[in-house]
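This report concerns only the one structure given below.
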Amino acid sequence: MRYLTNNATDPHFNMAFDEAVMEWLPLGEPVFYLWQNRPAVIIGLNQSAYGEVNLPYLEEHGIVLARRVTGGGAVYHDLGNLNYSIVGRTADMDADLPHYLSLVRDALHSLGVPAEVSGRNDIMVEGRKCSGYAKRLFRDRMMIHGTLMFDVDLEVLTRALSVPGSKLSAAGVASVRSRVCNLSDYLPGWTLADFRAALKDFLAATPVWLTESAGWEEMGETPAVRQRTACAELSPRSDGVSTVSSRRPVSQKGEVALPEGFLDMVEQLAQKKFRTWEWIYGQSPATDFCVRRKFPSCGTIEARYSVRHGLLADVRFSGDFLGALPLDAPLPEGCPAAGKTLAEALNGTRYTPEAITAVLTPLPVSRYFDGLTPEALIALFF
């Protein structure tokens, strides 16, 4: 099997690289590439950023949050983790899907690691998870990509994926927490560079079977992908899969050169999509929270609220607190949200400390909760 080279460690760029290879790169046969991320949590396409990740811990430790284009659960990456992607035409890969899904297991077997495929998408070693993978279809293309934990910081992994206890429930796909292990435990004396080279050699030596059909394009004979000025102008491939007539084995090896301008397009896609708040947070399904805290000045306040597409909704306050105004009293004239209740003023606000601060700071919070500052109420949400 032939391969691409991606040496980037920017998680958002690498999410864009996966999508660009799948949707734009001319391919005549399945290819693979190995890649790494600097410390990051990668959530699945259908997951809530608020319900799956310890966001305060990520911010405090400079860990990047990214959303990928495939489903499944949240994973932690650092430079002790090695990732792989295999992309090709659906007609080629679907016919041999068990083969492609077991390639990494077979590679580990070749190194003497007793790995087994388990459950829906895990690779286990002696009952502990070392890898998980996900799959995506796009038009006539298929992608399988996954992680391989070689020497990951397991303490950071645990903290980054430990959701604060205030979460009530999250819609979407919840991560399945498993006992995990590092492959370095089974490969004493190996470095990650050694492991990467061995995996690359194994995959490169793997032959693939191709389905032949009308309109077949051999690798390297397709037109170069054109560079555009903005990703919004880029159109995905629209050609469908023709009727299959036969299949043939191909054992070509070596690197596939990326078309001129391809990496520039990937960077544009990363900037316009994968680094944006709208993609990382706004894509989240509804997540419900309940937080309770006792304040010396007024008593206990309980805040219940939902986050929908990254915006506050259904904010409700309750508790044994004291205040001059009842919660259903509208904000007085002269306030930015005059006529609304305090809870109504928060609905529709982007769920970030900065946005909530901007809403609450000019409001008379202490009239509803005796002696409470806007800053103290803001802390209740985070």
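Residues are named by chain letter and number: chains run A, B, ... in the order of the structure tokens, numbers start at 1 in each chain, and ligands are numbered from 1 in the order shown.
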Residues within 12 Å of Pro336 (chain A), please, as a PyMOL selection string. Count only C-alpha atoms; anything in the same chain fewer than 6 positions from it doesn't count.
chain A and resi 330+342+345-346+358-364
Excluding Leu380 (chain A) and its own-chain neighbours fewer than 4 positions away, which residues fall within 12 Å of it when counting only C-alpha atoms? Please give them as a list of chain:residue names.
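Result of the neighbour search: A:Ser166, A:Phe289, A:Cys290, A:Val291, A:Arg292, A:Arg293, A:Lys294, A:Phe295, A:Thr300, A:Ile301, A:Glu302, A:Ala303, A:Arg304, A:Tyr305, A:Phe317, A:Pro353, A:Ile356, A:Thr357, A:Leu372, A:Thr373, A:Pro374, A:Glu375, A:Ala376.
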From the set A:Met142, A:Ala270, A:Leu258, A:Phe150, which residue has the shortest atom-to-atom contact distance to Asp194 (chain A), counting only C-alpha atoms?
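Among the listed residues, the smallest separation from Asp194 (chain A) belongs to A:Phe150.
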If you take only C-alpha atoms and a cut-off of 10 Å, which residues of region 66-95 of chain A touch region 136-141 of chain A, and what are their nearest atom pairs and distances in Å to one decimal, in chain and number order, as a Markdown table?
| residue | atom | partner | partner_atom | distance |
| --- | --- | --- | --- | --- |
| A:Val69 | CA | A:Arg136 | CA | 7.7 |
| A:Thr70 | CA | A:Arg136 | CA | 5.7 |
| A:Gly71 | CA | A:Arg136 | CA | 7.9 |
| A:Val87 | CA | A:Arg141 | CA | 7.2 |
| A:Gly88 | CA | A:Arg141 | CA | 5.7 |
| A:Arg89 | CA | A:Arg141 | CA | 4.4 |
| A:Thr90 | CA | A:Arg141 | CA | 4.8 |
| A:Ala91 | CA | A:Asp140 | CA | 7.4 |
| A:Asp92 | CA | A:Arg141 | CA | 9.1 |
| A:Met93 | CA | A:Arg141 | CA | 8.8 |
| A:Asp94 | CA | A:Arg141 | CA | 9.8 |
Pick from A:Glu260, A:Leu111, A:Asn83, A:Ala16 nearest to Lys272 (chain A), counting only C-alpha atoms
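Of A:Glu260, A:Leu111, A:Asn83, A:Ala16, the one nearest Lys272 (chain A) is A:Ala16, counting only C-alpha atoms.
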In region 295-352 of chain A, what's strand (DSSP E) per DSSP? Answer as a list in words?
Phe295, Gly299, Thr300, Ile301, Glu302, Ala303, Arg304, Tyr305, Ser306, Val307, Arg308, Leu311, Leu312, Ala313, Asp314, Val315, Arg316, Phe317, Ser318 and Gly319 of chain A
Among the residues A:Asp328, A:Glu278, A:Asp201, A:Glu116, the one that comes closest to Gly254 (chain A) [using only C-alpha atoms]:
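Looking at the shortest contact to Gly254 (chain A), the residue is A:Asp201.
Here CA of Thr191 (chain A) is placed at a distance of 27.4 Å from CA of Arg68 (chain A).
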At a cut-off of 12 Å, using only C-alpha atoms, what residues contact region 112-114 of chain A? Leave out same-chain residues fewer than 6 positions from it and give the result as a PDB file with N, CA and C atoms, in the first residue's frame.
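Output saved as result-v1.pdb:
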ATOM      1  N   VAL A 104      -4.006  -2.985  11.690  1.00  0.00           N
ATOM      2  CA  VAL A 104      -3.194  -2.527  12.818  1.00  0.00           C
ATOM      3  C   VAL A 104      -2.976  -3.664  13.809  1.00  0.00           C
ATOM      4  N   ARG A 105      -4.016  -4.457  14.055  1.00  0.00           N
ATOM      5  CA  ARG A 105      -3.843  -5.626  14.924  1.00  0.00           C
ATOM      6  C   ARG A 105      -2.775  -6.554  14.363  1.00  0.00           C
ATOM      7  N   ASP A 106      -2.838  -6.800  13.047  1.00  0.00           N
ATOM      8  CA  ASP A 106      -1.855  -7.691  12.430  1.00  0.00           C
ATOM      9  C   ASP A 106      -0.447  -7.104  12.518  1.00  0.00           C
ATOM     10  N   ILE A 123      -8.976  -1.882  19.965  1.00  0.00           N
ATOM     11  CA  ILE A 123      -7.917  -2.885  19.924  1.00  0.00           C
ATOM     12  C   ILE A 123      -7.388  -3.014  21.340  1.00  0.00           C
ATOM     13  N   MET A 124      -7.399  -4.218  21.861  1.00  0.00           N
ATOM     14  CA  MET A 124      -7.050  -4.476  23.253  1.00  0.00           C
ATOM     15  C   MET A 124      -5.791  -5.324  23.341  1.00  0.00           C
ATOM     16  N   VAL A 125      -5.060  -5.125  24.417  1.00  0.00           N
ATOM     17  CA  VAL A 125      -3.914  -5.971  24.741  1.00  0.00           C
ATOM     18  C   VAL A 125      -4.095  -6.431  26.185  1.00  0.00           C
ATOM     19  N   GLU A 126      -4.291  -7.733  26.348  1.00  0.00           N
ATOM     20  CA  GLU A 126      -4.483  -8.316  27.678  1.00  0.00           C
ATOM     21  C   GLU A 126      -5.563  -7.579  28.467  1.00  0.00           C
ATOM     22  N   GLY A 127      -6.673  -7.290  27.792  1.00  0.00           N
ATOM     23  CA  GLY A 127      -7.816  -6.684  28.453  1.00  0.00           C
ATOM     24  C   GLY A 127      -7.761  -5.177  28.606  1.00  0.00           C
ATOM     25  N   ARG A 128      -6.729  -4.542  28.094  1.00  0.00           N
ATOM     26  CA  ARG A 128      -6.610  -3.087  28.192  1.00  0.00           C
ATOM     27  C   ARG A 128      -6.572  -2.481  26.786  1.00  0.00           C
ATOM     28  N   LYS A 129      -7.176  -1.320  26.655  1.00  0.00           N
ATOM     29  CA  LYS A 129      -7.300  -0.683  25.349  1.00  0.00           C
ATOM     30  C   LYS A 129      -6.033   0.082  24.992  1.00  0.00           C
ATOM     31  N   CYS A 130      -5.533  -0.142  23.782  1.00  0.00           N
ATOM     32  CA  CYS A 130      -4.375   0.611  23.296  1.00  0.00           C
ATOM     33  C   CYS A 130      -4.705   1.404  22.048  1.00  0.00           C
ATOM     34  N   PHE A 150       1.274   4.754  22.420  1.00  0.00           N
ATOM     35  CA  PHE A 150       2.595   4.154  22.585  1.00  0.00           C
ATOM     36  C   PHE A 150       3.197   4.547  23.927  1.00  0.00           C
ATOM     37  N   ASN A 182      -0.230   1.508  27.443  1.00  0.00           N
ATOM     38  CA  ASN A 182       0.721   1.979  26.437  1.00  0.00           C
ATOM     39  C   ASN A 182       1.431   0.792  25.803  1.00  0.00           C
ATOM     40  N   LEU A 183       1.608   0.866  24.497  1.00  0.00           N
ATOM     41  CA  LEU A 183       2.287  -0.215  23.786  1.00  0.00           C
ATOM     42  C   LEU A 183       3.763  -0.309  24.151  1.00  0.00           C
ATOM     43  N   SER A 184       4.343   0.766  24.661  1.00  0.00           N
ATOM     44  CA  SER A 184       5.743   0.713  25.081  1.00  0.00           C
ATOM     45  C   SER A 184       5.946  -0.311  26.199  1.00  0.00           C
ATOM     46  N   ASP A 185       4.865  -0.623  26.945  1.00  0.00           N
ATOM     47  CA  ASP A 185       4.971  -1.657  27.980  1.00  0.00           C
ATOM     48  C   ASP A 185       5.277  -3.023  27.370  1.00  0.00           C
ATOM     49  N   TYR A 186       4.894  -3.225  26.103  1.00  0.00           N
ATOM     50  CA  TYR A 186       5.071  -4.510  25.433  1.00  0.00           C
ATOM     51  C   TYR A 186       6.225  -4.491  24.427  1.00  0.00           C
ATOM     52  N   LEU A 187       6.835  -3.325  24.272  1.00  0.00           N
ATOM     53  CA  LEU A 187       7.959  -3.190  23.347  1.00  0.00           C
ATOM     54  C   LEU A 187       9.125  -2.525  24.082  1.00  0.00           C
ATOM     55  N   PRO A 188       9.685  -3.186  25.074  1.00  0.00           N
ATOM     56  CA  PRO A 188      10.771  -2.580  25.863  1.00  0.00           C
ATOM     57  C   PRO A 188      11.967  -2.229  24.993  1.00  0.00           C
ATOM     58  N   PHE A 195       8.795   2.495  16.549  1.00  0.00           N
ATOM     59  CA  PHE A 195       7.454   1.950  16.349  1.00  0.00           C
ATOM     60  C   PHE A 195       6.824   2.506  15.076  1.00  0.00           C
TER      61      PHE A 195
END
Nearest candidate to Leu327 (chain A) (options A:Thr341, A:Ser85, A:Ser131, A:Thr211; using only C-alpha atoms)
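Closest to Leu327 (chain A), using only C-alpha atoms: A:Thr341.
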Pick the closest to Arg2 (chain A) from A:Gly189, A:Pro30, A:Gly132, A:Gly323: which is it, counting only C-alpha atoms?
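Among A:Gly189, A:Pro30, A:Gly132, A:Gly323, it is A:Pro30 that comes nearest to Arg2 (chain A).
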Option closest in space to Tyr3 (chain A), from A:Tyr33, A:Pro98, A:Leu154, A:Val208 [counting only C-alpha atoms]
A:Tyr33
I need the residues of region 54-225 of chain A that end up classed as helix (DSSP H, G or I) by DSSP on the backbone, written out as a VMD selection string.
chain A and resid 55 to 61 90 to 94 97 to 101 103 to 110 154 to 160 183 to 185 192 to 204
Pull C-alpha atoms from the residues just selected and write them as a JSON list (two decimals), in the first residue's frame.
[["chain", "number", "residue", "atom", "x", "y", "z"],
["A", 55, "LEU", "CA", -12.63, 22.13, 29.77],
["A", 56, "PRO", "CA", -11.11, 24.04, 32.73],
["A", 57, "TYR", "CA", -8.28, 21.50, 32.91],
["A", 58, "LEU", "CA", -7.63, 21.81, 29.17],
["A", 59, "GLU", "CA", -7.46, 25.60, 29.39],
["A", 60, "GLU", "CA", -5.21, 25.55, 32.45],
["A", 61, "HIS", "CA", -2.73, 23.15, 30.82],
["A", 90, "THR", "CA", -15.45, 2.62, -0.97],
["A", 91, "ALA", "CA", -15.68, -0.03, -3.70],
["A", 92, "ASP", "CA", -12.08, -1.07, -2.98],
["A", 93, "MET", "CA", -12.13, -0.93, 0.82],
["A", 94, "ASP", "CA", -15.65, -2.14, 1.60],
["A", 97, "LEU", "CA", -13.34, -4.20, 5.22],
["A", 98, "PRO", "CA", -12.39, -6.87, 7.81],
["A", 99, "HIS", "CA", -8.90, -6.85, 6.29],
["A", 100, "TYR", "CA", -8.52, -3.08, 6.67],
["A", 101, "LEU", "CA", -9.97, -3.06, 10.18],
["A", 103, "LEU", "CA", -4.39, -4.29, 9.66],
["A", 104, "VAL", "CA", -3.19, -2.53, 12.82],
["A", 105, "ARG", "CA", -3.84, -5.63, 14.92],
["A", 106, "ASP", "CA", -1.85, -7.69, 12.43],
["A", 107, "ALA", "CA", 0.95, -5.13, 12.52],
["A", 108, "LEU", "CA", 1.09, -5.39, 16.31],
["A", 109, "HIS", "CA", 1.12, -9.20, 16.07],
["A", 110, "SER", "CA", 4.13, -8.95, 13.76],
["A", 154, "LEU", "CA", -2.00, 8.47, 31.30],
["A", 155, "GLU", "CA", -2.45, 10.84, 34.23],
["A", 156, "VAL", "CA", -3.10, 13.78, 31.91],
["A", 157, "LEU", "CA", -5.38, 11.58, 29.79],
["A", 158, "THR", "CA", -7.48, 10.72, 32.85],
["A", 159, "ARG", "CA", -7.78, 14.32, 34.03],
["A", 160, "ALA", "CA", -8.52, 15.74, 30.57],
["A", 183, "LEU", "CA", 2.29, -0.22, 23.79],
["A", 184, "SER", "CA", 5.74, 0.71, 25.08],
["A", 185, "ASP", "CA", 4.97, -1.66, 27.98],
["A", 192, "LEU", "CA", 8.13, 5.91, 19.20],
["A", 193, "ALA", "CA", 10.29, 6.56, 16.14],
["A", 194, "ASP", "CA", 11.13, 2.84, 16.03],
["A", 195, "PHE", "CA", 7.45, 1.95, 16.35],
["A", 196, "ARG", "CA", 6.41, 4.43, 13.67],
["A", 197, "ALA", "CA", 9.00, 3.07, 11.24],
["A", 198, "ALA", "CA", 7.92, -0.54, 11.88],
["A", 199, "LEU", "CA", 4.23, 0.27, 11.40],
["A", 200, "LYS", "CA", 4.97, 2.18, 8.22],
["A", 201, "ASP", "CA", 7.00, -0.71, 6.83],
["A", 202, "PHE", "CA", 4.25, -3.22, 7.63],
["A", 203, "LEU", "CA", 1.48, -1.16, 6.03],
["A", 204, "ALA", "CA", 3.61, -0.27, 3.01]]
Coordinates-based distance that separates CA of Gly72 (chain A) from CA of Asn121 (chain A) (Å, one decimal):
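The value is 8.6 Å.
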